[in-house]
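This report refers to the structure that appears directly beneath it.
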Amino acid sequence: AKMFFDSARANVSPYIAAGNVRFIADGQEVVPGITAHAAPGHTPGHTMYRVTSNGDTLLIWGDIIHSYAMQFEHPEWAIAFDVDPTLAIATRRKVFDMAATDKLAVAGAHLPFPGIGHTTRAGTAYRFEPVFWIPG
């Protein structure tokens, strides 16, 4: 993980040197209405963003899951691409619980079309309920 982070940082070092990079902290409001939240375990710096507007909230959770068909039913299952599987599992469980409890709309990679919906509890597991979409 450290090597990945160091090489990624080296790739952006000219931007850092030019003052064009701003590092953000967990819980920091990036711009009005958008707050960054650490989501550790998948990759170094993996971050979610909570977007709030007019009383509505959307949690853009990135790579919290990798297999829609398996990880809602089994949030305790990790994938080889997680740099820290134990931490990724803990993060996924925490995020699923938060999204279900707070009834948050969620969006992210590896979700079925249209990629936005809600997480609900199903016993000890969870389900993803996609939003209804009408073309046009």
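Convention: chains lettered A, B, ... in structure tokens order; per-chain residue numbering from 1; ligands numbered from 1 as shown.
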Item to check | Polymer residues at most 6 Å from segment 51-63 of chain A, only C-alpha atoms, same-chain spacing of 2 or more positions, as a ChimeraX atom specification | outcome: /A:33-34,48-49,65,105-109
Write the residues of the preceding selection, restricted to C-alpha atoms, as a compact mmCIF listing (two decimals), in the first residue's frame.
# COMPACT_ATOMS: atom_id res chain seq x y z
CA GLY A 33 -22.87 21.08 0.38
CA ILE A 34 -20.18 18.44 -0.29
CA MET A 48 -16.84 8.98 -0.06
CA TYR A 49 -18.64 12.26 -0.63
CA ILE A 65 -18.73 -2.87 -3.00
CA ALA A 105 -29.65 7.77 -1.40
CA VAL A 106 -26.40 6.16 -2.50
CA ALA A 107 -24.38 6.07 -5.71
CA GLY A 108 -21.16 4.37 -6.60
CA ALA A 109 -19.26 1.96 -8.75
Item to check | Expected answer as a VMD selection string: strand (DSSP E) residues in chain A | outcome: chain A and resid 29 to 31 34 to 38 47 to 53 56 to 60 105 to 107 116 to 122 125 to 130
Save the residues we just selected, N, CA and C atoms, as a tab-separated table (two decimals), in the first residue's frame?
chain	number	residue	atom	x	y	z
A	29	GLU	N	-15.75	19.76	4.82
A	29	GLU	CA	-16.58	20.25	3.73
A	29	GLU	C	-15.64	20.74	2.63
A	30	VAL	N	-15.73	20.12	1.47
A	30	VAL	CA	-14.84	20.42	0.35
A	30	VAL	C	-15.28	21.71	-0.33
A	31	VAL	N	-16.54	21.78	-0.64
A	31	VAL	CA	-17.21	22.99	-1.13
A	31	VAL	C	-18.58	22.98	-0.45
A	34	ILE	N	-20.88	19.69	0.00
A	34	ILE	CA	-20.18	18.44	-0.29
A	34	ILE	C	-19.12	18.20	0.79
A	35	THR	N	-19.30	17.09	1.52
A	35	THR	CA	-18.41	16.73	2.62
A	35	THR	C	-17.70	15.42	2.30
A	36	ALA	N	-16.39	15.40	2.53
A	36	ALA	CA	-15.59	14.20	2.31
A	36	ALA	C	-15.62	13.31	3.55
A	37	HIS	N	-15.68	11.99	3.33
A	37	HIS	CA	-15.66	11.03	4.43
A	37	HIS	C	-14.71	9.89	4.07
A	38	ALA	N	-13.77	9.61	4.95
A	38	ALA	CA	-12.83	8.51	4.73
A	38	ALA	C	-13.59	7.19	4.64
A	47	THR	N	-12.21	7.59	-0.56
A	47	THR	CA	-13.05	8.61	0.06
A	47	THR	C	-14.46	8.57	-0.51
A	48	MET	N	-15.44	8.82	0.36
A	48	MET	CA	-16.84	8.98	-0.06
A	48	MET	C	-17.16	10.47	0.02
A	49	TYR	N	-18.19	10.87	-0.69
A	49	TYR	CA	-18.64	12.26	-0.63
A	49	TYR	C	-20.13	12.29	-0.35
A	50	ARG	N	-20.49	13.10	0.64
A	50	ARG	CA	-21.90	13.30	0.99
A	50	ARG	C	-22.31	14.64	0.39
A	51	VAL	N	-23.27	14.57	-0.53
A	51	VAL	CA	-23.76	15.76	-1.22
A	51	VAL	C	-25.13	16.09	-0.66
A	52	THR	N	-25.27	17.30	-0.14
A	52	THR	CA	-26.53	17.73	0.46
A	52	THR	C	-27.02	18.99	-0.24
A	53	SER	N	-28.30	18.97	-0.64
A	53	SER	CA	-28.90	20.11	-1.32
A	53	SER	C	-30.39	20.13	-1.04
A	56	ASP	N	-32.02	17.22	0.75
A	56	ASP	CA	-31.79	15.87	0.23
A	56	ASP	C	-30.30	15.54	0.33
A	57	THR	N	-30.01	14.26	0.51
A	57	THR	CA	-28.62	13.82	0.63
A	57	THR	C	-28.36	12.65	-0.29
A	58	LEU	N	-27.21	12.69	-0.95
A	58	LEU	CA	-26.72	11.58	-1.77
A	58	LEU	C	-25.32	11.24	-1.27
A	59	LEU	N	-25.10	9.97	-0.93
A	59	LEU	CA	-23.78	9.51	-0.53
A	59	LEU	C	-23.15	8.82	-1.73
A	60	ILE	N	-22.09	9.41	-2.26
A	60	ILE	CA	-21.36	8.80	-3.37
A	60	ILE	C	-20.24	8.00	-2.73
A	105	ALA	N	-29.84	8.17	-0.01
A	105	ALA	CA	-29.65	7.77	-1.40
A	105	ALA	C	-28.16	7.53	-1.56
A	106	VAL	N	-27.80	6.48	-2.29
A	106	VAL	CA	-26.40	6.16	-2.50
A	106	VAL	C	-26.11	6.00	-3.98
A	107	ALA	N	-24.86	6.28	-4.34
A	107	ALA	CA	-24.38	6.07	-5.71
A	107	ALA	C	-22.95	5.61	-5.63
A	116	ILE	N	-27.87	4.39	-8.80
A	116	ILE	CA	-28.32	5.21	-7.67
A	116	ILE	C	-29.50	4.49	-7.04
A	117	GLY	N	-29.54	4.48	-5.71
A	117	GLY	CA	-30.65	3.83	-5.05
A	117	GLY	C	-30.53	3.94	-3.54
A	118	HIS	N	-31.07	2.94	-2.85
A	118	HIS	CA	-31.07	2.92	-1.40
A	118	HIS	C	-30.64	1.55	-0.89
A	119	THR	N	-30.01	1.54	0.26
A	119	THR	CA	-29.61	0.31	0.94
A	119	THR	C	-30.62	0.03	2.03
A	120	THR	N	-31.12	-1.20	2.07
A	120	THR	CA	-32.07	-1.59	3.10
A	120	THR	C	-31.54	-2.83	3.81
A	121	ARG	N	-32.03	-3.06	5.03
A	121	ARG	CA	-31.65	-4.25	5.78
A	121	ARG	C	-32.51	-5.42	5.33
A	122	ALA	N	-31.88	-6.59	5.35
A	122	ALA	CA	-32.57	-7.84	5.04
A	122	ALA	C	-32.05	-8.88	6.02
A	125	ALA	N	-28.24	-9.32	6.50
A	125	ALA	CA	-27.66	-8.87	5.23
A	125	ALA	C	-28.28	-7.52	4.83
A	126	TYR	N	-28.00	-7.11	3.62
A	126	TYR	CA	-28.55	-5.86	3.08
A	126	TYR	C	-29.03	-6.11	1.67
A	127	ARG	N	-29.80	-5.18	1.16
A	127	ARG	CA	-30.25	-5.20	-0.23
A	127	ARG	C	-30.05	-3.82	-0.82
A	128	PHE	N	-29.91	-3.79	-2.12
A	128	PHE	CA	-29.85	-2.52	-2.84
A	128	PHE	C	-31.13	-2.37	-3.64
A	129	GLU	N	-31.79	-1.23	-3.47
A	129	GLU	CA	-33.03	-0.93	-4.18
A	129	GLU	C	-32.74	0.22	-5.14
A	130	PRO	N	-32.58	-0.07	-6.44
A	130	PRO	CA	-32.28	1.02	-7.38
A	130	PRO	C	-33.45	1.98	-7.51
Segment 3-70 of chain A residues near segment 79-102 of chain A within 9 Å, closest pair each, using only C-alpha atoms, as CSV:
residue,atom,partner,partner_atom,distance
A:Ala39,CA,A:Thr91,CA,6.1
A:Pro40,CA,A:Ala88,CA,6.2
A:Gly41,CA,A:Ala88,CA,3.8
A:His42,CA,A:Asp82,CA,4.1
A:Thr43,CA,A:Val83,CA,5.7
A:Pro44,CA,A:Val83,CA,7.8
A:Leu59,CA,A:Ala99,CA,8.0
A:Trp61,CA,A:Val95,CA,8.4
A:Ile64,CA,A:Arg92,CA,5.7
A:Ile65,CA,A:Arg92,CA,7.3
A:His66,CA,A:Ile79,CA,7.4
A:Ser67,CA,A:Ile79,CA,8.8
Next on the checklist: DSSP on the backbone: which residues in chain A end up as alpha helix (DSSP H)? Give the answer as an MDAnalysis selection string.
Outcome noted: chainID A and resid 2:17 68:71 85:101
Store the residues picked out above in a file with N, CA, C and O atoms, as a compact mmCIF listing (two decimals), in the first residue's frame.
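In the end it all went to selection05.txt:
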# COMPACT_ATOMS: atom_id res chain seq x y z
N LYS A 2 1.95 1.24 0.78
CA LYS A 2 2.81 2.42 0.84
C LYS A 2 3.42 2.70 -0.54
O LYS A 2 3.47 3.84 -0.98
N MET A 3 3.87 1.65 -1.25
CA MET A 3 4.45 1.84 -2.56
C MET A 3 3.43 2.48 -3.52
O MET A 3 3.74 3.39 -4.25
N PHE A 4 2.19 1.98 -3.48
CA PHE A 4 1.15 2.55 -4.32
C PHE A 4 0.97 4.03 -4.01
O PHE A 4 0.93 4.86 -4.90
N PHE A 5 0.88 4.35 -2.74
CA PHE A 5 0.67 5.74 -2.35
C PHE A 5 1.84 6.61 -2.78
O PHE A 5 1.66 7.68 -3.32
N ASP A 6 3.07 6.12 -2.54
CA ASP A 6 4.25 6.90 -2.90
C ASP A 6 4.32 7.14 -4.40
O ASP A 6 4.62 8.24 -4.85
N SER A 7 4.01 6.12 -5.22
CA SER A 7 4.07 6.31 -6.67
C SER A 7 2.95 7.22 -7.14
O SER A 7 3.15 8.02 -8.04
N ALA A 8 1.77 7.11 -6.53
CA ALA A 8 0.67 8.00 -6.91
C ALA A 8 1.02 9.44 -6.55
O ALA A 8 0.76 10.36 -7.33
N ARG A 9 1.60 9.64 -5.39
CA ARG A 9 1.99 10.99 -4.97
C ARG A 9 3.06 11.54 -5.90
O ARG A 9 3.04 12.71 -6.26
N ALA A 10 4.00 10.70 -6.34
CA ALA A 10 5.05 11.15 -7.25
C ALA A 10 4.45 11.61 -8.58
O ALA A 10 4.93 12.58 -9.18
N ASN A 11 3.40 10.95 -9.02
CA ASN A 11 2.77 11.33 -10.28
C ASN A 11 2.11 12.70 -10.22
O ASN A 11 1.95 13.35 -11.24
N VAL A 12 1.70 13.10 -9.04
CA VAL A 12 1.05 14.41 -8.89
C VAL A 12 1.99 15.43 -8.27
O VAL A 12 1.58 16.56 -8.03
N SER A 13 3.24 15.05 -8.03
CA SER A 13 4.16 15.97 -7.36
C SER A 13 4.32 17.31 -8.07
O SER A 13 4.42 18.34 -7.38
N PRO A 14 4.30 17.40 -9.41
CA PRO A 14 4.39 18.72 -10.04
C PRO A 14 3.19 19.61 -9.68
O PRO A 14 3.32 20.82 -9.52
N TYR A 15 2.02 18.99 -9.52
CA TYR A 15 0.83 19.76 -9.17
C TYR A 15 0.90 20.23 -7.72
O TYR A 15 0.47 21.34 -7.39
N ILE A 16 1.45 19.36 -6.87
CA ILE A 16 1.64 19.73 -5.47
C ILE A 16 2.62 20.90 -5.38
O ILE A 16 2.37 21.90 -4.70
N ALA A 17 3.75 20.78 -6.10
CA ALA A 17 4.77 21.83 -6.09
C ALA A 17 4.22 23.16 -6.61
O ALA A 17 4.61 24.22 -6.12
N TYR A 68 -22.15 -6.48 -6.68
CA TYR A 68 -23.51 -6.22 -6.22
C TYR A 68 -24.21 -7.52 -5.82
O TYR A 68 -24.87 -7.59 -4.78
N ALA A 69 -24.03 -8.56 -6.62
CA ALA A 69 -24.74 -9.82 -6.40
C ALA A 69 -24.31 -10.53 -5.12
O ALA A 69 -25.08 -11.32 -4.57
N MET A 70 -23.10 -10.26 -4.64
CA MET A 70 -22.60 -11.00 -3.48
C MET A 70 -22.46 -10.17 -2.21
O MET A 70 -22.76 -10.64 -1.12
N GLN A 71 -21.98 -8.93 -2.31
CA GLN A 71 -21.58 -8.23 -1.09
C GLN A 71 -22.71 -7.55 -0.33
O GLN A 71 -22.53 -7.26 0.85
N PRO A 85 -8.27 -6.00 3.48
CA PRO A 85 -9.61 -6.61 3.46
C PRO A 85 -10.38 -6.48 4.76
O PRO A 85 -11.58 -6.22 4.74
N THR A 86 -9.71 -6.63 5.90
CA THR A 86 -10.40 -6.53 7.19
C THR A 86 -10.99 -5.14 7.38
O THR A 86 -12.14 -4.98 7.80
N LEU A 87 -10.22 -4.12 7.05
CA LEU A 87 -10.70 -2.75 7.17
C LEU A 87 -11.78 -2.45 6.14
O LEU A 87 -12.76 -1.76 6.43
N ALA A 88 -11.65 -2.98 4.93
CA ALA A 88 -12.67 -2.78 3.89
C ALA A 88 -14.01 -3.37 4.32
O ALA A 88 -15.06 -2.77 4.12
N ILE A 89 -13.97 -4.54 4.94
CA ILE A 89 -15.20 -5.18 5.43
C ILE A 89 -15.83 -4.32 6.53
O ILE A 89 -17.04 -4.08 6.52
N ALA A 90 -15.03 -3.86 7.47
CA ALA A 90 -15.55 -3.02 8.56
C ALA A 90 -16.16 -1.73 8.00
O ALA A 90 -17.23 -1.30 8.44
N THR A 91 -15.49 -1.13 7.02
CA THR A 91 -16.02 0.09 6.40
C THR A 91 -17.34 -0.20 5.70
O THR A 91 -18.31 0.55 5.85
N ARG A 92 -17.39 -1.29 4.93
CA ARG A 92 -18.62 -1.63 4.20
C ARG A 92 -19.78 -1.82 5.17
O ARG A 92 -20.88 -1.31 4.96
N ARG A 93 -19.56 -2.57 6.24
CA ARG A 93 -20.63 -2.79 7.23
C ARG A 93 -21.09 -1.46 7.84
O ARG A 93 -22.29 -1.23 7.99
N LYS A 94 -20.15 -0.61 8.18
CA LYS A 94 -20.48 0.69 8.77
C LYS A 94 -21.28 1.55 7.79
O LYS A 94 -22.29 2.15 8.15
N VAL A 95 -20.86 1.56 6.53
CA VAL A 95 -21.53 2.39 5.52
C VAL A 95 -22.91 1.82 5.19
O VAL A 95 -23.88 2.57 5.08
N PHE A 96 -23.03 0.51 5.04
CA PHE A 96 -24.34 -0.09 4.81
C PHE A 96 -25.30 0.26 5.94
O PHE A 96 -26.45 0.64 5.70
N ASP A 97 -24.82 0.13 7.19
CA ASP A 97 -25.67 0.44 8.34
C ASP A 97 -26.09 1.90 8.34
O ASP A 97 -27.26 2.22 8.55
N MET A 98 -25.14 2.80 8.08
CA MET A 98 -25.45 4.23 8.04
C MET A 98 -26.45 4.54 6.93
O MET A 98 -27.42 5.27 7.15
N ALA A 99 -26.22 4.00 5.74
CA ALA A 99 -27.10 4.29 4.61
C ALA A 99 -28.52 3.76 4.87
O ALA A 99 -29.50 4.44 4.55
N ALA A 100 -28.62 2.58 5.47
CA ALA A 100 -29.93 2.01 5.77
C ALA A 100 -30.62 2.78 6.89
O ALA A 100 -31.81 3.12 6.79
N THR A 101 -29.89 3.08 7.97
CA THR A 101 -30.46 3.78 9.12
C THR A 101 -30.91 5.18 8.75
O THR A 101 -32.01 5.60 9.11
Checklist entry - In terms of the shortest atom-to-atom distance over only C-alpha atoms, which of A:Gly19, A:Val131, A:His110, A:Gln28 is closest to Phe72 of chain A? => result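 Checking each of A:Gly19, A:Val131, A:His110, A:Gln28 against Phe72 of chain A, counting only C-alpha atoms, the winner is A:His110.
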Next on the checklist: For a test of reading the model, state the distance in Å between atom CA of Trp133 of chain A and atom CA of Leu111 of chain A, rounded to one decimal.
Outcome noted: 14.3 Å
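Minimum distance to Gly45 of chain A across A:Ile134, A:Ala78, A:Leu104, A:Ile24 (counting only C-alpha atoms) occurs at A:Ile24.
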